[in-house]
There are 2 protein chains.
Amino acid sequence: MSLTDLESKLRDRSLKCTPQRLEILKALHEAPAHPSADTVYRIVQGRFPSVSLATVYKTLDTLVEIGEIRIALVSEGKTLYDTRMSNHHHFLCRCCGHVEDVDIQLDCMENCLPQVMGKYHQVERSEVVFHGVCQKCFQPEI
Amino acid sequence: MSLTDLESKLRDRSLKCTPQRLEILKALHEAPAHPSADTVYRIVQGRFPSVSLATVYKTLDTLVEIGEIRIALVSEGKTLYDTRMSNHHHFLCRCCGHVEDVDIQLDCMENCLPQVMGKYHQVERSEVVFHGVCQKCFQPEI
DNA sequence: TATTAAATAAGAACTATTATTGTTTAGAAT
DNA sequence: ATTCTAAACAATAATAGTTCTTATTTAATA
């Protein structure tokens with residue numbers, strides 16, 4: 001998250017450290033977890049109204065490429081991003097599309113991974129998606 | 001997969017067993033694994049040219065609802081379907097978007113699942129997505 | 001300060017998907 | 001077998017998320 005970190009990551013690839021990029025990264029961290037491009041765009045708009053949606057999309061791509069953020073998953077046709085880069089999993093509600101972090105340690109997965117996939121593919125990470133119905137949708141308040 | 005199976009599933013919900021639906025289901029099984037709506041549409045076109053793309057989408061929805069097929073995952077903006085209903089996982093290539101089945105038994109996941117999620121959500125299934133680079137993209141033939 | 005490759009804003013274009021509407025049809029009832 | 005009706009259909013318009021294009025601006029280096 002640190003800006004120095006970002007700056008050096010950008011510099012290493014001879015990418016420019018623009019105010020738009022900084023603002024978009026800031027917005028990503030201020031947004032509720034797993035924001036969409038549109039969510040980020042709205043937050044940025046508040047402080048930097050000249051930023052275009054296309055720039056937000058382009059910057060999100062760039063941030064994913066340099067490893068500052070990740071794509072959490074795609075829900076209801078929208079790409080949702082994640083600023084948490086550490087290993088964790090997700091719960092996805094099939095009713096409202098809401099995504100929640102699931103913090104469980106699945107050692108077995110990491111353990112069996114190399115032997116199963118090693119010879120055939122370069123596996124970079126693995127993630128579990130739990131599908132179901134979130135509490136809100138399951139027990140809506142009357 | 002059996003048509004009798006499909007017919008009864010449809011009848012149970014008072015849905016009609018139309019030739020379009022049968023043809024689309026057939027196409028799903030003839031298609032390479034994890035076809036998109038468009039892939040299915042093209043196959044159906046060959047034998048049943050009057051079928052519209054909208055009908056394919058609607059039917060895929062219906063087939064998911066009645067549990068004949070699943071959504072495997074969303075890759076590169078396209079929803080990919082799966083005729084394999086038994087528990088398995090997927091490998092997704094970040095270069096070409098190719099999806100492969102991963103047949104490993106992750107008991108730990110099923111085991112820890114109820115205690116972790118039980119109180120908070122209705123979890124219906126869980127699936128691992130392995131992200132990486134497939135062999136073709138990793139070692140392209142010269 | 002001048003230079004230049006990269007980034008930007010604006011908005012058109014594209015693509016997957018969904019909605020609308022008028023017509024047809026599967027399957028139940030007669 | 002014929003009639004009936006809700007459901008499904010084809011055609012196509014509409015929508016939404018995302019990407020592309022182009023002319024302009026700017027960060028960072030020389």
# chains A, B, ... in the order shown; residues from 1 in each chain; ligands from 1
$ interface_residues --of "chain C" --to "chain B" --cutoff "12 Å" --atoms "only C-alpha atoms (C1' of nucleotides)" --output "CSV table (one decimal) with N, CA and C atoms (P, O5', C5', C4', C3', O3' and C1' of nucleotides), in the first residue's frame"
chain,number,residue,atom,x,y,z
C,15,DT,P,-16.5,-6.9,-30.8
C,15,DT,O5',-17.1,-7.4,-29.5
C,15,DT,C5',-16.3,-7.3,-28.3
C,15,DT,C4',-17.1,-7.9,-27.1
C,15,DT,C3',-18.0,-9.1,-27.6
C,15,DT,O3',-17.9,-10.0,-26.5
C,15,DT,C1',-19.3,-7.5,-26.6
C,16,DA,P,-18.4,-11.5,-26.8
C,16,DA,O5',-19.2,-11.8,-25.5
C,16,DA,C5',-18.6,-11.5,-24.2
C,16,DA,C4',-19.7,-11.2,-23.2
C,16,DA,C3',-20.8,-12.3,-23.2
C,16,DA,O3',-20.9,-12.7,-21.8
C,16,DA,C1',-21.8,-10.2,-23.5
C,17,DT,P,-22.0,-13.9,-21.4
C,17,DT,O5',-23.3,-13.0,-21.2
C,17,DT,C5',-23.3,-12.0,-20.2
C,17,DT,C4',-24.6,-11.2,-20.3
C,17,DT,C3',-25.8,-12.1,-20.1
C,17,DT,O3',-26.4,-11.8,-18.8
C,17,DT,C1',-26.1,-10.4,-21.7
C,18,DT,P,-27.8,-12.4,-18.4
C,18,DT,O5',-28.8,-11.3,-18.8
C,18,DT,C5',-28.6,-10.0,-18.4
C,18,DT,C4',-29.7,-9.1,-18.8
C,18,DT,C3',-31.1,-9.7,-18.5
C,18,DT,O3',-31.9,-8.7,-17.9
C,18,DT,C1',-31.0,-9.1,-20.8
C,19,DA,P,-33.4,-8.9,-17.5
C,19,DA,O5',-34.2,-8.1,-18.6
C,19,DA,C5',-33.8,-6.7,-18.9
C,19,DA,C4',-34.7,-6.1,-19.9
C,19,DA,C3',-36.2,-6.5,-19.7
C,19,DA,O3',-37.0,-5.3,-19.9
C,19,DA,C1',-35.5,-7.2,-21.8
C,20,DT,P,-38.6,-5.3,-19.9
C,20,DT,O5',-38.9,-5.4,-21.5
C,20,DT,C5',-38.4,-4.4,-22.4
C,20,DT,C4',-39.1,-4.5,-23.7
C,20,DT,C3',-40.6,-4.9,-23.6
C,20,DT,O3',-41.2,-4.1,-24.6
C,20,DT,C1',-39.5,-6.5,-24.9
C,25,DT,P,-45.0,-23.3,-34.3
C,25,DT,O5',-45.1,-23.9,-32.8
C,25,DT,C5',-43.9,-23.7,-31.9
C,25,DT,C4',-44.3,-24.4,-30.6
C,25,DT,C3',-45.0,-25.7,-30.7
C,25,DT,O3',-44.5,-26.6,-29.7
C,25,DT,C1',-46.2,-24.3,-29.4
C,26,DA,P,-44.1,-28.0,-29.9
C,26,DA,O5',-44.0,-28.6,-28.5
C,26,DA,C5',-43.2,-27.9,-27.5
C,26,DA,C4',-43.8,-28.1,-26.1
C,26,DA,C3',-44.2,-29.5,-25.8
C,26,DA,O3',-43.8,-29.8,-24.4
C,26,DA,C1',-46.1,-28.1,-25.7
C,27,DG,P,-44.0,-31.2,-23.8
C,27,DG,O5',-45.4,-31.1,-23.1
C,27,DG,C5',-45.6,-30.1,-22.1
C,27,DG,C4',-47.1,-30.1,-21.7
C,27,DG,C3',-47.7,-31.5,-21.5
C,27,DG,O3',-48.5,-31.4,-20.3
C,27,DG,C1',-49.0,-30.3,-23.0
C,28,DA,P,-49.0,-32.7,-19.5
C,28,DA,O5',-50.3,-32.1,-18.8
C,28,DA,C5',-50.3,-30.8,-18.3
C,28,DA,C4',-51.7,-30.2,-18.4
C,28,DA,C3',-52.8,-31.1,-18.0
C,28,DA,O3',-53.7,-30.5,-17.2
C,28,DA,C1',-53.1,-30.4,-20.2
$ select_by_dssp --residues "region 18-59 of chain A" --states "helix (DSSP H, G or I)" --output "ChimeraX atom specification"
/A:19-30,37-47,53-59
$ write_last_selection --atoms "C-alpha atoms" --output "compact mmCIF listing (two decimals), in the first residue's frame"
# COMPACT_ATOMS: atom_id res chain seq x y z
CA PRO A 19 -1.58 11.83 -9.51
CA GLN A 20 -4.47 9.90 -11.08
CA ARG A 21 -2.83 6.61 -10.22
CA LEU A 22 -2.16 7.67 -6.66
CA GLU A 23 -5.73 8.85 -6.22
CA ILE A 24 -7.15 5.63 -7.67
CA LEU A 25 -4.97 3.53 -5.38
CA LYS A 26 -6.11 5.63 -2.41
CA ALA A 27 -9.75 5.18 -3.42
CA LEU A 28 -9.26 1.43 -3.68
CA HIS A 29 -8.18 1.34 -0.06
CA GLU A 30 -10.94 3.63 1.15
CA ALA A 37 -14.34 -0.19 -11.26
CA ASP A 38 -17.43 1.94 -10.96
CA THR A 39 -17.22 2.11 -7.17
CA VAL A 40 -13.63 3.28 -7.41
CA TYR A 41 -14.55 5.78 -10.08
CA ARG A 42 -17.20 7.38 -7.89
CA ILE A 43 -14.85 7.78 -4.96
CA VAL A 44 -12.15 9.30 -7.14
CA GLN A 45 -14.70 11.67 -8.66
CA GLY A 46 -15.21 13.31 -5.29
CA ARG A 47 -11.67 14.60 -5.10
CA LEU A 53 -13.74 6.07 -16.16
CA ALA A 54 -11.43 4.78 -18.88
CA THR A 55 -8.46 5.92 -16.83
CA VAL A 56 -9.83 4.06 -13.84
CA TYR A 57 -10.14 0.88 -15.88
CA LYS A 58 -6.68 1.30 -17.38
CA THR A 59 -5.15 2.03 -14.00
$ select_by_dssp --residues "chain A" --states "strand (DSSP E or B)" --output "PyMOL selection string"
chain A and resi 36+70-75+78-82+89-93+99-102+122-133
$ write_last_selection --atoms "N, CA and C atoms" --output "mmCIF file, in the first residue's frame"
data_model
loop_
_atom_site.group_PDB
_atom_site.id
_atom_site.type_symbol
_atom_site.label_atom_id
_atom_site.label_comp_id
_atom_site.auth_asym_id
_atom_site.auth_seq_id
_atom_site.Cartn_x
_atom_site.Cartn_y
_atom_site.Cartn_z
ATOM 1 N N SER A 36 -15.889 -2.492 -7.296
ATOM 2 C CA SER A 36 -15.867 -2.587 -8.755
ATOM 3 C C SER A 36 -15.202 -1.338 -9.317
ATOM 4 N N ARG A 70 -5.444 -7.217 -6.788
ATOM 5 C CA ARG A 70 -5.841 -8.441 -7.471
ATOM 6 C C ARG A 70 -7.275 -8.311 -7.951
ATOM 7 N N ILE A 71 -7.638 -9.181 -8.864
ATOM 8 C CA ILE A 71 -9.049 -9.369 -9.137
ATOM 9 C C ILE A 71 -9.552 -10.392 -8.131
ATOM 10 N N ALA A 72 -10.548 -9.982 -7.336
ATOM 11 C CA ALA A 72 -11.105 -10.914 -6.351
ATOM 12 C C ALA A 72 -11.913 -11.968 -7.096
ATOM 13 N N LEU A 73 -12.889 -11.510 -7.834
ATOM 14 C CA LEU A 73 -13.679 -12.385 -8.693
ATOM 15 C C LEU A 73 -14.636 -11.554 -9.520
ATOM 16 N N VAL A 74 -15.419 -12.212 -10.328
ATOM 17 C CA VAL A 74 -16.426 -11.530 -11.135
ATOM 18 C C VAL A 74 -17.785 -11.900 -10.585
ATOM 19 N N SER A 75 -18.556 -10.904 -10.203
ATOM 20 C CA SER A 75 -19.881 -11.139 -9.635
ATOM 21 C C SER A 75 -20.906 -10.287 -10.360
ATOM 22 N N LYS A 78 -19.721 -7.930 -13.024
ATOM 23 C CA LYS A 78 -18.763 -6.895 -12.675
ATOM 24 C C LYS A 78 -17.478 -7.488 -12.110
ATOM 25 N N THR A 79 -16.361 -6.958 -12.545
ATOM 26 C CA THR A 79 -15.070 -7.377 -12.007
ATOM 27 C C THR A 79 -14.858 -6.696 -10.664
ATOM 28 N N LEU A 80 -14.601 -7.480 -9.633
ATOM 29 C CA LEU A 80 -14.387 -6.930 -8.297
ATOM 30 C C LEU A 80 -12.914 -7.063 -7.925
ATOM 31 N N TYR A 81 -12.348 -5.985 -7.414
ATOM 32 C CA TYR A 81 -10.928 -5.953 -7.107
ATOM 33 C C TYR A 81 -10.681 -6.151 -5.623
ATOM 34 N N ASP A 82 -9.448 -6.466 -5.321
ATOM 35 C CA ASP A 82 -9.090 -6.780 -3.944
ATOM 36 C C ASP A 82 -7.738 -6.163 -3.633
ATOM 37 N N HIS A 89 -9.605 -16.454 1.023
ATOM 38 C CA HIS A 89 -10.625 -17.006 0.141
ATOM 39 C C HIS A 89 -11.875 -16.136 0.171
ATOM 40 N N HIS A 90 -12.862 -16.522 -0.625
ATOM 41 C CA HIS A 90 -14.053 -15.677 -0.736
ATOM 42 C C HIS A 90 -15.344 -16.470 -0.656
ATOM 43 N N PHE A 91 -16.319 -15.804 -0.086
ATOM 44 C CA PHE A 91 -17.687 -16.311 -0.099
ATOM 45 C C PHE A 91 -18.498 -15.419 -1.033
ATOM 46 N N LEU A 92 -19.254 -16.056 -1.922
ATOM 47 C CA LEU A 92 -20.053 -15.298 -2.898
ATOM 48 C C LEU A 92 -21.523 -15.656 -2.759
ATOM 49 N N CYS A 93 -22.334 -14.647 -2.461
ATOM 50 C CA CYS A 93 -23.785 -14.871 -2.317
ATOM 51 C C CYS A 93 -24.436 -14.887 -3.687
ATOM 52 N N VAL A 99 -19.714 -10.268 -1.723
ATOM 53 C CA VAL A 99 -18.500 -11.061 -1.536
ATOM 54 C C VAL A 99 -17.909 -10.792 -0.157
ATOM 55 N N GLU A 100 -17.558 -11.861 0.532
ATOM 56 C CA GLU A 100 -16.929 -11.715 1.844
ATOM 57 C C GLU A 100 -15.625 -12.482 1.888
ATOM 58 N N ASP A 101 -14.695 -11.965 2.670
ATOM 59 C CA ASP A 101 -13.448 -12.690 2.874
ATOM 60 C C ASP A 101 -13.682 -13.905 3.755
ATOM 61 N N VAL A 102 -12.987 -14.961 3.445
ATOM 62 C CA VAL A 102 -13.020 -16.161 4.276
ATOM 63 C C VAL A 102 -11.585 -16.452 4.688
ATOM 64 N N GLN A 122 2.091 -23.963 -14.692
ATOM 65 C CA GLN A 122 2.649 -23.029 -13.727
ATOM 66 C C GLN A 122 1.502 -22.467 -12.904
ATOM 67 N N VAL A 123 1.323 -22.986 -11.730
ATOM 68 C CA VAL A 123 0.257 -22.492 -10.872
ATOM 69 C C VAL A 123 0.808 -21.371 -10.004
ATOM 70 N N GLU A 124 0.161 -20.245 -10.043
ATOM 71 C CA GLU A 124 0.658 -19.085 -9.295
ATOM 72 C C GLU A 124 -0.062 -18.883 -7.977
ATOM 73 N N ARG A 125 -1.335 -19.199 -7.986
ATOM 74 C CA ARG A 125 -2.059 -19.161 -6.722
ATOM 75 C C ARG A 125 -3.339 -19.957 -6.874
ATOM 76 N N SER A 126 -3.935 -20.241 -5.751
ATOM 77 C CA SER A 126 -5.190 -20.976 -5.776
ATOM 78 C C SER A 126 -6.123 -20.315 -4.783
ATOM 79 N N GLU A 127 -7.364 -20.340 -5.134
ATOM 80 C CA GLU A 127 -8.319 -19.652 -4.280
ATOM 81 C C GLU A 127 -9.624 -20.408 -4.265
ATOM 82 N N VAL A 128 -10.210 -20.475 -3.090
ATOM 83 C CA VAL A 128 -11.497 -21.146 -2.982
ATOM 84 C C VAL A 128 -12.609 -20.113 -3.063
ATOM 85 N N VAL A 129 -13.628 -20.439 -3.809
ATOM 86 C CA VAL A 129 -14.847 -19.631 -3.793
ATOM 87 C C VAL A 129 -15.950 -20.479 -3.181
ATOM 88 N N PHE A 130 -16.495 -19.982 -2.078
ATOM 89 C CA PHE A 130 -17.626 -20.643 -1.441
ATOM 90 C C PHE A 130 -18.900 -20.021 -1.988
ATOM 91 N N HIS A 131 -19.734 -20.848 -2.574
ATOM 92 C CA HIS A 131 -20.990 -20.358 -3.140
ATOM 93 C C HIS A 131 -22.122 -20.645 -2.167
ATOM 94 N N GLY A 132 -23.011 -19.682 -2.022
ATOM 95 C CA GLY A 132 -24.142 -19.906 -1.138
ATOM 96 C C GLY A 132 -25.016 -18.683 -1.012
ATOM 97 N N VAL A 133 -25.685 -18.585 0.118
ATOM 98 C CA VAL A 133 -26.593 -17.468 0.375
ATOM 99 C C VAL A 133 -26.139 -16.778 1.652
#
$ residues_around --residues "DA10 (chain C)" --least-positions-apart "6" --cutoff "10 Å" --atoms "only C-alpha atoms (C1' of nucleotides)" --output "list in words"
Ser52 and Ala54 of chain A; DT22 and DA23 of chain D
$ atom_distance --atom1 "CA of His34 (chain B)" --atom2 "CA of Thr62 (chain B)"
17.0 Å
$ atom_distance --atom1 "CA of Met85 (chain B)" --atom2 "CA of Asp12 (chain B)"
19.5 Å
$ interface_residues --of "chain D" --to "chain B" --cutoff "10 Å" --atoms "only C-alpha atoms (C1' of nucleotides)" --output "number ranges by chain"
D: 6-11, 17-18
$ write_last_selection --atoms "N, CA and C atoms (P, O5', C5', C4', C3', O3' and C1' of nucleotides)" --output "compact mmCIF listing (two decimals), in the first residue's frame"
# COMPACT_ATOMS: atom_id res chain seq x y z
P DA D 6 -53.19 -18.79 -18.75
O5' DA D 6 -51.90 -19.21 -17.91
C5' DA D 6 -51.75 -20.57 -17.47
C4' DA D 6 -50.40 -21.10 -17.94
C3' DA D 6 -49.23 -20.19 -17.63
O3' DA D 6 -48.17 -21.00 -17.16
C1' DA D 6 -49.30 -20.61 -19.97
P DA D 7 -46.85 -20.41 -16.60
O5' DA D 7 -45.80 -20.85 -17.72
C5' DA D 7 -45.80 -22.21 -18.16
C4' DA D 7 -45.00 -22.29 -19.44
C3' DA D 7 -43.64 -21.60 -19.39
O3' DA D 7 -42.67 -22.58 -19.68
C1' DA D 7 -44.83 -21.00 -21.37
P DA D 8 -41.15 -22.21 -19.89
O5' DA D 8 -41.03 -22.01 -21.47
C5' DA D 8 -41.42 -23.07 -22.32
C4' DA D 8 -41.12 -22.70 -23.75
C3' DA D 8 -39.73 -22.14 -23.99
O3' DA D 8 -39.18 -22.81 -25.11
C1' DA D 8 -41.36 -20.66 -24.84
P DC D 9 -37.78 -22.52 -25.63
O5' DC D 9 -38.04 -21.58 -26.87
C5' DC D 9 -38.80 -22.11 -27.97
C4' DC D 9 -39.16 -21.01 -28.92
C3' DC D 9 -37.99 -20.13 -29.36
O3' DC D 9 -37.48 -20.64 -30.58
C1' DC D 9 -39.98 -18.86 -28.91
P DA D 10 -36.18 -20.00 -31.20
O5' DA D 10 -36.75 -18.77 -32.00
C5' DA D 10 -37.63 -18.97 -33.10
C4' DA D 10 -37.82 -17.65 -33.83
C3' DA D 10 -36.54 -16.99 -34.32
O3' DA D 10 -36.81 -16.37 -35.57
C1' DA D 10 -37.58 -15.59 -32.69
P DA D 11 -35.70 -15.61 -36.39
O5' DA D 11 -35.95 -14.09 -36.01
C5' DA D 11 -37.28 -13.57 -36.07
C4' DA D 11 -37.25 -12.12 -35.62
C3' DA D 11 -35.96 -11.38 -35.97
O3' DA D 11 -36.28 -10.13 -36.54
C1' DA D 11 -36.41 -11.17 -33.66
P DG D 17 -22.80 -2.05 -15.01
O5' DG D 17 -21.42 -2.70 -15.44
C5' DG D 17 -21.33 -4.11 -15.57
C4' DG D 17 -20.20 -4.43 -16.52
C3' DG D 17 -18.89 -3.76 -16.14
O3' DG D 17 -17.88 -4.76 -16.10
C1' DG D 17 -19.43 -3.32 -18.41
P DT D 18 -16.43 -4.44 -15.61
O5' DT D 18 -15.73 -4.14 -17.00
C5' DT D 18 -15.81 -5.15 -18.02
C4' DT D 18 -15.30 -4.59 -19.32
C3' DT D 18 -13.90 -3.98 -19.26
O3' DT D 18 -13.03 -4.88 -19.95
C1' DT D 18 -15.38 -2.74 -20.66
$ atom_distance --atom1 "CA of Glu68 (chain B)" --atom2 "CA of Ala31 (chain B)"
15.3 Å
